[in-house]
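Structure file data-v5.pdb (PDB, C-alpha atoms (C1' of nucleotides)) follows.
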```
ATOM      1  CA  MET A   1      29.817  -9.985-181.708
ATOM      2  CA  PRO A   2      30.387  -7.538-184.429
ATOM      3  CA  GLU A   3      33.126  -4.987-184.034
ATOM      4  CA  LEU A   4      34.328  -2.477-186.600
ATOM      5  CA  PRO A   5      35.742  -4.986-189.135
ATOM      6  CA  GLU A   6      32.536  -7.034-189.129
ATOM      7  CA  VAL A   7      30.359  -3.935-189.474
ATOM      8  CA  GLU A   8      32.575  -2.604-192.272
ATOM      9  CA  THR A   9      32.266  -5.940-194.076
ATOM     10  CA  VAL A  10      28.469  -5.868-193.780
ATOM     11  CA  VAL A  11      28.380  -2.355-195.234
ATOM     12  CA  ARG A  12      30.698  -3.242-198.116
ATOM     13  CA  ASP A  13      28.626  -6.346-198.879
ATOM     14  CA  LEU A  14      25.313  -4.488-198.744
ATOM     15  CA  ARG A  15      26.324  -1.406-200.723
ATOM     16  CA  PRO A  16      26.057  -2.853-204.256
ATOM     17  CA  PHE A  17      22.770  -4.565-203.415
ATOM     18  CA  LEU A  18      21.133  -1.653-201.626
ATOM     19  CA  VAL A  19      22.186   1.598-203.254
ATOM     20  CA  GLY A  20      19.481   2.697-205.653
ATOM     21  CA  ARG A  21      16.948   0.166-204.343
ATOM     22  CA  ARG A  22      13.548   1.282-203.089
ATOM     23  CA  ILE A  23      11.852   0.036-199.914
ATOM     24  CA  THR A  24       8.400  -1.093-201.043
ATOM     25  CA  ALA A  25       7.214  -2.931-197.937
ATOM     26  CA  LEU A  26       8.296  -3.524-194.354
ATOM     27  CA  ARG A  27       7.405  -6.333-191.992
ATOM     28  CA  MET A  28       8.418  -6.353-188.340
ATOM     29  CA  SER A  29       8.264  -8.833-185.499
ATOM     30  CA  ARG A  30       6.524  -8.017-182.259
ATOM     31  CA  MET A  31       9.718  -8.567-180.290
ATOM     32  CA  SER A  32      11.244  -5.332-179.127
ATOM     33  CA  LEU A  33      14.852  -4.538-179.830
ATOM     34  CA  ARG A  34      17.140  -2.601-177.565
ATOM     35  CA  ARG A  35      16.067   0.767-178.909
ATOM     36  CA  ARG A  36      12.351   0.219-179.423
ATOM     37  CA  TRP A  37      11.267   0.297-183.005
ATOM     38  CA  ASN A  38       8.618   2.955-183.540
ATOM     39  CA  ALA A  39       5.662   1.712-185.572
ATOM     40  CA  ALA A  40       5.212   5.187-187.065
ATOM     41  CA  TRP A  41       8.558   4.777-188.789
ATOM     42  CA  GLN A  42       7.079   2.206-191.112
ATOM     43  CA  LYS A  43       5.156   4.901-192.981
ATOM     44  CA  ARG A  44       8.251   7.085-193.197
ATOM     45  CA  LEU A  45      10.243   4.294-194.860
ATOM     46  CA  ILE A  46       7.876   2.915-197.494
ATOM     47  CA  GLY A  47       8.695   4.298-200.917
ATOM     48  CA  ARG A  48      12.128   5.601-199.909
ATOM     49  CA  ARG A  49      15.189   4.818-201.968
ATOM     50  CA  VAL A  50      18.535   3.914-200.370
ATOM     51  CA  CYS A  51      21.180   6.284-201.660
ATOM     52  CA  GLU A  52      24.193   5.378-199.533
ATOM     53  CA  ALA A  53      25.418   2.726-197.084
ATOM     54  CA  GLY A  54      28.005   3.757-194.514
ATOM     55  CA  ARG A  55      29.393   3.122-191.060
ATOM     56  CA  ARG A  56      30.381   5.054-187.967
ATOM     57  CA  GLY A  57      32.098   2.970-185.277
ATOM     58  CA  LYS A  58      29.900  -0.116-184.940
ATOM     59  CA  TRP A  59      26.821   1.698-186.304
ATOM     60  CA  ILE A  60      25.517   0.926-189.794
ATOM     61  CA  LEU A  61      24.068   3.950-191.600
ATOM     62  CA  LEU A  62      21.622   3.643-194.481
ATOM     63  CA  HIS A  63      21.014   7.054-196.027
ATOM     64  CA  LEU A  64      17.660   7.475-197.746
ATOM     65  CA  ASP A  65      16.679   9.767-200.613
ATOM     66  CA  ASP A  66      14.671  12.132-198.382
ATOM     67  CA  ALA A  67      17.649  12.683-196.004
ATOM     68  CA  GLN A  68      16.404  10.228-193.380
ATOM     69  CA  VAL A  69      19.008   7.833-192.021
ATOM     70  CA  LEU A  70      18.194   4.302-190.928
ATOM     71  CA  VAL A  71      20.730   3.349-188.268
ATOM     72  CA  ILE A  72      21.373  -0.237-187.251
ATOM     73  CA  HIS A  73      23.488  -1.630-184.450
ATOM     74  CA  LEU A  74      24.173  -5.367-184.506
ATOM     75  CA  GLY A  75      24.676  -5.787-180.746
ATOM     76  CA  MET A  76      26.151  -9.238-180.057
ATOM     77  CA  THR A  77      24.270 -11.467-182.489
ATOM     78  CA  GLY A  78      22.829  -9.139-185.123
ATOM     79  CA  GLN A  79      22.885  -9.932-188.828
ATOM     80  CA  LEU A  80      21.938  -7.540-191.614
ATOM     81  CA  THR A  81      21.692  -9.309-194.948
ATOM     82  CA  VAL A  82      20.223  -9.045-198.399
ATOM     83  CA  ALA A  83      18.661 -12.295-199.558
ATOM     84  CA  SER A  84      16.352 -13.612-202.213
ATOM     85  CA  ALA A  85      12.707 -13.354-201.168
ATOM     86  CA  ASP A  86      12.052 -16.995-201.944
ATOM     87  CA  GLN A  87      14.347 -18.262-199.222
ATOM     88  CA  GLU A  88      12.738 -18.341-195.780
ATOM     89  CA  PRO A  89      14.188 -15.744-193.362
ATOM     90  CA  PRO A  90      16.023 -17.327-190.411
ATOM     91  CA  ALA A  91      14.522 -17.496-186.916
ATOM     92  CA  HIS A  92      14.763 -14.262-184.889
ATOM     93  CA  THR A  93      14.359 -12.061-187.952
ATOM     94  CA  HIS A  94      12.858  -8.822-186.651
ATOM     95  CA  LEU A  95      12.733  -6.558-189.695
ATOM     96  CA  VAL A  96      12.176  -7.498-193.326
ATOM     97  CA  PHE A  97      12.390  -4.745-195.940
ATOM     98  CA  THR A  98      11.046  -5.664-199.348
ATOM     99  CA  LEU A  99      13.141  -4.071-202.087
ATOM    100  CA  ASP A 100      11.726  -2.879-205.392
ATOM    101  CA  ARG A 101       9.467  -5.494-206.982
ATOM    102  CA  GLY A 102      10.067  -7.977-204.204
ATOM    103  CA  GLN A 103      12.792 -10.217-205.551
ATOM    104  CA  TYR A 104      15.179  -9.267-202.750
ATOM    105  CA  GLN A 105      14.789  -8.473-199.070
ATOM    106  CA  LEU A 106      16.931  -6.638-196.545
ATOM    107  CA  ARG A 107      16.693  -8.528-193.262
ATOM    108  CA  PHE A 108      17.663  -7.708-189.710
ATOM    109  CA  THR A 109      18.066 -10.840-187.611
ATOM    110  CA  ASP A 110      19.167 -10.813-183.979
ATOM    111  CA  ILE A 111      18.967 -13.812-181.643
ATOM    112  CA  ARG A 112      19.733 -12.026-178.382
ATOM    113  CA  ARG A 113      18.077  -8.745-179.363
ATOM    114  CA  PHE A 114      20.879  -6.559-178.032
ATOM    115  CA  GLY A 115      20.886  -4.843-181.400
ATOM    116  CA  SER A 116      18.775  -1.891-182.474
ATOM    117  CA  ALA A 117      17.241  -0.111-185.418
ATOM    118  CA  THR A 118      16.547   3.627-185.259
ATOM    119  CA  LEU A 119      15.350   6.162-187.792
ATOM    120  CA  PHE A 120      16.747   9.711-187.844
ATOM    121  CA  ALA A 121      15.122  12.575-189.731
ATOM    122  CA  ASP A 122      18.401  13.689-191.301
ATOM    123  CA  PRO A 123      22.198  13.515-190.907
ATOM    124  CA  ILE A 124      22.141  16.484-188.506
ATOM    125  CA  ALA A 125      19.868  14.648-186.079
ATOM    126  CA  LEU A 126      22.126  11.617-186.376
ATOM    127  CA  GLU A 127      25.236  13.657-185.694
ATOM    128  CA  LYS A 128      23.536  15.092-182.618
ATOM    129  CA  PHE A 129      22.882  11.547-181.419
ATOM    130  CA  PHE A 130      26.565  10.633-181.790
ATOM    131  CA  VAL A 131      27.703  13.833-180.105
ATOM    132  CA  GLU A 132      25.362  13.255-177.171
ATOM    133  CA  MET A 133      26.698   9.761-176.611
ATOM    134  CA  GLY A 134      30.237  11.111-176.967
ATOM    135  CA  LEU A 135      31.199   8.665-179.711
ATOM    136  CA  GLY A 136      34.956   8.863-180.193
ATOM    137  CA  PRO A 137      36.948   9.216-183.417
ATOM    138  CA  GLU A 138      37.317   6.482-186.014
ATOM    139  CA  PRO A 139      40.482   4.445-185.355
ATOM    140  CA  PHE A 140      41.909   5.297-188.773
ATOM    141  CA  VAL A 141      41.993   9.026-188.019
ATOM    142  CA  LEU A 142      42.888   8.602-184.356
ATOM    143  CA  GLU A 143      45.690  10.934-183.331
ATOM    144  CA  SER A 144      48.351   9.694-180.969
ATOM    145  CA  LYS A 145      48.342  13.008-179.094
ATOM    146  CA  TYR A 146      44.599  12.775-178.428
ATOM    147  CA  LEU A 147      44.879   9.137-177.359
ATOM    148  CA  HIS A 148      47.675   9.994-174.960
ATOM    149  CA  GLU A 149      45.591  12.779-173.436
ATOM    150  CA  ARG A 150      42.682  10.406-172.937
ATOM    151  CA  LEU A 151      44.936   7.754-171.407
ATOM    152  CA  ALA A 152      46.722  10.254-169.172
ATOM    153  CA  ARG A 153      43.548  11.255-167.368
ATOM    154  CA  THR A 154      42.244   7.810-166.500
ATOM    155  CA  SER A 155      43.056   5.200-163.916
ATOM    156  CA  ARG A 156      41.329   2.474-165.897
ATOM    157  CA  CYS A 157      43.423  -0.231-167.484
ATOM    158  CA  LEU A 158      44.247  -0.182-171.205
ATOM    159  CA  LYS A 159      41.777  -2.962-171.933
ATOM    160  CA  ALA A 160      38.904  -0.993-170.399
ATOM    161  CA  VAL A 161      39.923   2.170-172.256
ATOM    162  CA  LEU A 162      39.984   0.405-175.629
ATOM    163  CA  LEU A 163      36.457  -0.890-175.049
ATOM    164  CA  ASP A 164      35.244   2.640-174.290
ATOM    165  CA  GLN A 165      33.537   3.890-177.465
ATOM    166  CA  THR A 166      33.985   7.507-176.370
ATOM    167  CA  VAL A 167      37.765   7.110-176.605
ATOM    168  CA  VAL A 168      37.866   5.374-179.981
ATOM    169  CA  ALA A 169      34.916   4.032-181.967
ATOM    170  CA  GLY A 170      34.685   0.465-183.176
ATOM    171  CA  VAL A 171      37.067  -1.604-181.047
ATOM    172  CA  GLY A 172      35.465  -4.446-179.091
ATOM    173  CA  ASN A 173      36.633  -7.352-176.980
ATOM    174  CA  ILE A 174      38.436  -9.371-179.666
ATOM    175  CA  TYR A 175      40.320  -6.542-181.334
ATOM    176  CA  ALA A 176      41.164  -4.881-178.017
ATOM    177  CA  ASP A 177      43.057  -8.028-177.000
ATOM    178  CA  GLU A 178      44.609  -8.462-180.441
ATOM    179  CA  SER A 179      45.678  -4.785-180.562
ATOM    180  CA  LEU A 180      47.329  -4.946-177.141
ATOM    181  CA  PHE A 181      49.231  -8.047-178.231
ATOM    182  CA  GLU A 182      50.297  -6.352-181.466
ATOM    183  CA  ALA A 183      51.475  -3.332-179.447
ATOM    184  CA  LYS A 184      53.210  -5.573-176.880
ATOM    185  CA  LEU A 185      51.360  -3.869-174.038
ATOM    186  CA  PRO A 186      49.755  -5.478-170.988
ATOM    187  CA  PRO A 187      45.967  -5.152-170.837
ATOM    188  CA  THR A 188      46.301  -4.435-167.119
ATOM    189  CA  ARG A 189      48.573  -1.395-167.583
ATOM    190  CA  LEU A 190      46.815   1.733-166.309
ATOM    191  CA  GLY A 191      45.967   4.386-168.859
ATOM    192  CA  ARG A 192      47.955   7.054-167.076
ATOM    193  CA  GLN A 193      51.008   4.797-166.994
ATOM    194  CA  ALA A 194      51.229   4.625-170.775
ATOM    195  CA  SER A 195      54.129   6.633-172.201
ATOM    196  CA  ARG A 196      53.903   8.633-175.439
ATOM    197  CA  GLN A 197      55.917   5.991-177.195
ATOM    198  CA  GLU A 198      53.655   3.205-175.968
ATOM    199  CA  THR A 199      50.576   5.205-176.945
ATOM    200  CA  ALA A 200      51.967   5.668-180.450
ATOM    201  CA  ARG A 201      52.581   1.927-180.655
ATOM    202  CA  LEU A 202      49.054   1.209-179.468
ATOM    203  CA  ARG A 203      47.486   3.555-182.014
ATOM    204  CA  LYS A 204      49.437   1.933-184.814
ATOM    205  CA  ALA A 205      48.589  -1.569-183.564
ATOM    206  CA  ILE A 206      44.855  -0.835-183.557
ATOM    207  CA  VAL A 207      44.999   0.299-187.196
ATOM    208  CA  THR A 208      47.088  -2.717-188.238
ATOM    209  CA  VAL A 209      44.826  -5.211-186.473
ATOM    210  CA  LEU A 210      41.568  -3.686-187.742
ATOM    211  CA  ASN A 211      42.823  -3.470-191.326
ATOM    212  CA  ARG A 212      43.980  -7.073-191.253
ATOM    213  CA  ALA A 213      40.566  -8.113-189.913
ATOM    214  CA  ILE A 214      38.739  -6.124-192.608
ATOM    215  CA  ASP A 215      40.885  -7.848-195.249
ATOM    216  CA  ARG A 216      39.738 -11.194-193.799
ATOM    217  CA  ARG A 217      36.067 -10.053-193.782
ATOM    218  CA  GLY A 218      35.924 -10.023-189.975
ATOM    219  CA  SER A 219      35.724 -12.876-187.449
ATOM    220  CA  SER A 220      33.025 -15.547-187.423
ATOM    221  CA  ILE A 221      33.035 -17.327-184.083
ATOM    222  CA  ARG A 222      29.392 -18.254-183.773
ATOM    223  CA  ASN A 223      26.800 -15.954-185.302
ATOM    224  CA  TYR A 224      28.548 -13.415-187.436
ATOM    225  CA  ILE A 225      27.953 -13.336-191.181
ATOM    226  CA  GLY A 226      28.501 -10.508-193.653
ATOM    227  CA  GLY A 227      25.819  -8.710-195.658
ATOM    228  CA  SER A 228      25.752 -11.420-198.298
ATOM    229  CA  GLY A 229      25.626 -14.255-195.756
ATOM    230  CA  LEU A 230      29.321 -15.104-196.104
ATOM    231  CA  LYS A 231      31.380 -15.789-192.971
ATOM    232  CA  GLY A 232      34.610 -14.028-192.039
ATOM    233  CA  GLU A 233      38.027 -15.672-191.830
ATOM    234  CA  MET A 234      39.872 -13.618-189.217
ATOM    235  CA  GLN A 235      39.086 -16.130-186.436
ATOM    236  CA  HIS A 236      41.762 -18.402-187.919
ATOM    237  CA  GLU A 237      44.405 -15.746-187.330
ATOM    238  CA  PHE A 238      43.805 -14.726-183.737
ATOM    239  CA  ARG A 239      47.035 -14.448-181.795
ATOM    240  CA  VAL A 240      45.599 -14.251-178.297
ATOM    241  CA  TYR A 241      41.789 -14.124-178.360
ATOM    242  CA  GLY A 242      40.394 -17.550-177.500
ATOM    243  CA  ARG A 243      43.908 -19.039-177.318
ATOM    244  CA  ALA A 244      44.263 -19.498-173.528
ATOM    245  CA  GLY A 245      46.801 -22.211-172.773
ATOM    246  CA  GLN A 246      48.175 -22.244-176.308
ATOM    247  CA  PRO A 247      51.726 -21.039-177.113
ATOM    248  CA  CYS A 248      52.383 -17.399-177.926
ATOM    249  CA  ILE A 249      53.339 -17.036-181.597
ATOM    250  CA  ARG A 250      56.231 -14.741-180.590
ATOM    251  CA  CYS A 251      57.730 -16.368-177.474
ATOM    252  CA  GLN A 252      55.928 -19.725-176.982
ATOM    253  CA  SER A 253      54.724 -18.810-173.464
ATOM    254  CA  ALA A 254      51.211 -20.053-172.683
ATOM    255  CA  ILE A 255      48.561 -17.419-173.431
ATOM    256  CA  GLU A 256      46.615 -16.473-170.316
ATOM    257  CA  ARG A 257      43.008 -15.519-169.834
ATOM    258  CA  ILE A 258      41.698 -13.264-167.077
ATOM    259  CA  ARG A 259      38.601 -11.201-166.424
ATOM    260  CA  LEU A 260      39.129  -7.460-166.944
ATOM    261  CA  ALA A 261      36.545  -4.692-167.198
ATOM    262  CA  GLY A 262      33.975  -7.472-166.917
ATOM    263  CA  ARG A 263      35.237  -9.085-170.109
ATOM    264  CA  SER A 264      37.298 -12.131-170.904
ATOM    265  CA  THR A 265      40.835 -10.912-171.665
ATOM    266  CA  HIS A 266      43.642 -12.814-173.400
ATOM    267  CA  TYR A 267      47.333 -11.934-173.399
ATOM    268  CA  CYS A 268      50.870 -13.272-173.425
ATOM    269  CA  PRO A 269      52.259 -13.031-169.866
ATOM    270  CA  LYS A 270      55.795 -12.668-171.183
ATOM    271  CA  CYS A 271      56.120 -10.587-174.313
ATOM    272  CA  GLN A 272      53.313  -8.150-173.454
ATOM    273  CA  PHE A 273      54.990  -7.464-170.124
ATOM    274  CA  THR A 274      58.552  -6.989-171.345
ATOM    275  CA  GLU A 275      59.611  -3.348-171.587
ATOM    276  CA  GLU A 276      60.510  -2.382-175.143
TER     277      GLU A 276
ATOM    278  C1'  DA B   1      32.965  12.737-162.282
ATOM    279  C1'  DT B   2      34.509   8.282-162.836
ATOM    280  C1'  DA B   3      34.598   3.375-162.649
ATOM    281  C1'  DG B   4      32.686  -1.060-161.739
ATOM    282  C1'  DG B   5      28.794  -4.150-161.779
ATOM    283  C1'  DC B   6      24.541  -5.773-163.376
ATOM    284  C1'  DG B   7      20.787  -6.493-166.613
ATOM    285  C1'  DC B   8      19.147  -7.213-171.003
ATOM    286  C1'  DC B   9      18.370 -11.973-174.231
ATOM    287  C1'  DT B  10      19.132 -16.672-176.398
ATOM    288  C1'  DG B  11      21.936 -20.557-177.461
ATOM    289  C1'  DC B  12      25.698 -23.564-176.906
ATOM    290  C1'  DT B  13      29.185 -26.317-174.397
ATOM    291  C1'  DG B  14      31.224 -28.876-170.849
ATOM    292  C1'  DG B  15      31.058 -31.044-166.442
ATOM    293  C1'  DC B  16      28.664 -33.828-163.294
TER     294       DC B  16
ATOM    295  C1'  DT C   1      20.891 -38.948-171.428
ATOM    296  C1'  DG C   2      19.722 -34.832-168.750
ATOM    297  C1'  DC C   3      20.416 -30.872-166.176
ATOM    298  C1'  DC C   4      22.663 -26.759-164.870
ATOM    299  C1'  DA C   5      26.261 -23.422-164.673
ATOM    300  C1'  DG C   6      28.983 -20.624-167.252
ATOM    301  C1'  DC C   7      30.040 -18.219-171.210
ATOM    302  C1'  DA C   8      29.462 -15.312-175.649
ATOM    303  C1'  DG C   9      31.655 -10.341-180.480
ATOM    304  C1'  DG C  10      27.640  -4.850-176.860
ATOM    305  C1'  DC C  11      25.795  -1.226-174.438
ATOM    306  C1'  DG C  12      22.906   1.437-171.049
ATOM    307  C1'  DC C  13      21.743   2.278-166.444
ATOM    308  C1'  DC C  14      22.588   2.305-161.611
ATOM    309  C1'  DT C  15      25.370   2.907-157.622
ATOM    310  C1'  DA C  16      29.357   4.027-154.820
TER     311       DA C  16
END
```

Please re-express this file's structure in structure tokens.
Amino acid sequence: MPELPEVETVVRDLRPFLVGRRITALRMSRMSLRRRWNAAWQKRLIGRRVCEAGRRGKWILLHLDDAQVLVIHLGMTGQLTVASADQEPPAHTHLVFTLDRGQYQLRFTDIRRFGSATLFADPIALEKFFVEMGLGPEPFVLESKYLHERLARTSRCLKAVLLDQTVVAGVGNIYADESLFEAKLPPTRLGRQASRQETARLRKAIVTVLNRAIDRRGSSIRNYIGGSGLKGEMQHEFRVYGRAGQPCIRCQSAIERIRLAGRSTHYCPKCQFTEE
DNA sequence: ATAGGCGCCTGCTGGC
DNA sequence: TGCCAGCAGGCGCCTA
């Protein structure tokens, strides 16, 4: 579910509630998450104060006062929220952090359990983790020259490349489709067939689409909610995602849906295939 | 080395 | 009404 705009919204929502707060207790479910939660981490977290909330790609970073970093990935159905302790946590809540005197809780809920929670000793260990997985640059500092180099050496289609977190961090299935529409490029075009001009258009489109989605607090299709429990509004402004059969907003052609890179892919068969 | 496919999970929807 | 297939915003691992 959550791509960069949703994760950014969660972080922005959580920041004022979390920064300066101390973790005084931690309760966890027996269900394992994708990256298995280590029971020994409990001891390392109690008594720590949150000093910063950040994001890298789709990863949420909670920096603690002793340099440890609690890293959370929302997978497909993850929710990270701060809520009053007197309201019952929803089903599938796997981690509950009591804050300060217990009036508020930080909760990690994840129906499908594709998400994860990991604790790193310090920012250096975290950086090593990102380097080892080859996490690509943030879209907002993505350079067209770099993107063109990455595209030039692959025979995968543009859709597959955009989903690859080692090329650019944070784009997922929705915003890949929306970015390709914005750039007027076919999702099926091979990476190495993309010209410099098209690459520049694509880079710009990604930034435009992600910023618009952040302004709308992300997309809530089924499970997504922000850090304060509020839904996003971007789903009302999709131009291709989930619009198969409906008219293109630019040329009225029916939006098509195919399977690409194992994912449902939406595009306009006319204006994304017309040479600029 | 690269690219495609499957598995991991649960819940919901639509067709029969 | 009930059942079952198919689908869902992600990623890691395996194989060819």

I want to know what sits within 6 Å of range 29-35 of chain A, based on all atoms listed in the file, with residues of the same chain fewer than 5 positions away left out; could you give that as a list in words?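 Here the answer would be His94, Arg113, Phe114, Gly115 and Ser116 of chain A.
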
Compile a residue-level contact table for chain C against chain A at a cut-off of 9 Å, reporting for every qualifying residue the shortest atom pair and its distance in Å to one decimal, with all atoms listed in the file counted, rows ordered by chain and ascending number, as CSV.
```
residue,atom,partner,partner_atom,distance
C:DA8,C1',A:Met1,CA,8.1
C:DG9,C1',A:Met1,CA,2.2
C:DG10,C1',A:Gly75,CA,5.0
C:DC11,C1',A:Gly75,CA,7.9
```

Expected file contents, prior selection, C-alpha atoms (C1' of nucleotides), as a PDB file, in the frame of the given file:
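Generated file (result_15.pdb):
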```pdb
ATOM      1  C1'  DA C   8      29.462 -15.312-175.649  1.00  0.00           C
ATOM      2  C1'  DG C   9      31.655 -10.341-180.480  1.00  0.00           C
ATOM      3  C1'  DG C  10      27.640  -4.850-176.860  1.00  0.00           C
ATOM      4  C1'  DC C  11      25.795  -1.226-174.438  1.00  0.00           C
TER       5       DC C  11
END
```

At a cut-off of 12 Å from (38.4, 4.6, -157.1) in the coordinates of the file, what residues are picked up using all atoms listed in the file, written as a ChimeraX atom specification? /A:154-156 /B:1-4 /C:16

Separation of CA of Met28 in chain A and CA of Arg112 in chain A, in Å? 16.1 Å

For the PyMOL selection byres ((chain B and resi 5) around 9), applied here, can you spell out every residue it catches as an mmCIF file with C-alpha atoms (C1' of nucleotides), in the frame of the given file?
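In the end it all went to part16.cif:
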```cif
data_model
loop_
_atom_site.group_PDB
_atom_site.id
_atom_site.type_symbol
_atom_site.label_atom_id
_atom_site.label_comp_id
_atom_site.auth_asym_id
_atom_site.auth_seq_id
_atom_site.Cartn_x
_atom_site.Cartn_y
_atom_site.Cartn_z
ATOM 1 C CA GLY A 262 33.975 -7.472 -166.917
ATOM 2 C "C1'" DG B 4 32.686 -1.060 -161.739
ATOM 3 C "C1'" DC B 6 24.541 -5.773 -163.376
ATOM 4 C "C1'" DC C 14 22.588 2.305 -161.611
ATOM 5 C "C1'" DT C 15 25.370 2.907 -157.622
#
```

On this structure, which residues satisfy the PyMOL selection byres ((chain B and resi 12) around 10), written as a list of chain:residue names? A:Arg222, B:DT10, B:DG11, B:DT13, B:DG14, C:DC7, C:DA8

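A straight line drawn from CA of Gln246 in chain A to CA of Leu4 in chain A is 26.2 Å long.
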
Find the distance between CA of Arg101 in chain A and CA of Pro123 in chain A and write it in Å to one decimal. 28.0 Å

Can you turn the PyMOL selection byres ((chain A and resi 143) around 12) into a concrete residue list for this file, as a ChimeraX atom specification? /A:136-142,144-150,167-168,196,199-204,206-207

Just need the box for range 7-11 of chain C, edges along x, y and z, holding every atom the file lists for it with 8 Å tacked onto each side, so centre and edge lengths in Å to one decimal, as lines of an AutoDock Vina configuration file.
```
center_x = 28.7
center_y = -9.7
center_z = -175.8
size_x = 21.9
size_y = 33.0
size_z = 25.3
```

Taking into account all atoms listed in the file, which residue in the set A:Asp86, A:Asp177, A:Asp164, A:Glu237 is nearest to chain B?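 Smallest separation from chain B among the options: A:Asp164.
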
Between A:Leu70, A:Cys157, A:Ala176, A:Cys251, which has the minimum distance to chain B (counting all atoms listed in the file)?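 Among A:Leu70, A:Cys157, A:Ala176, A:Cys251, it is A:Cys157 that comes nearest to chain B.
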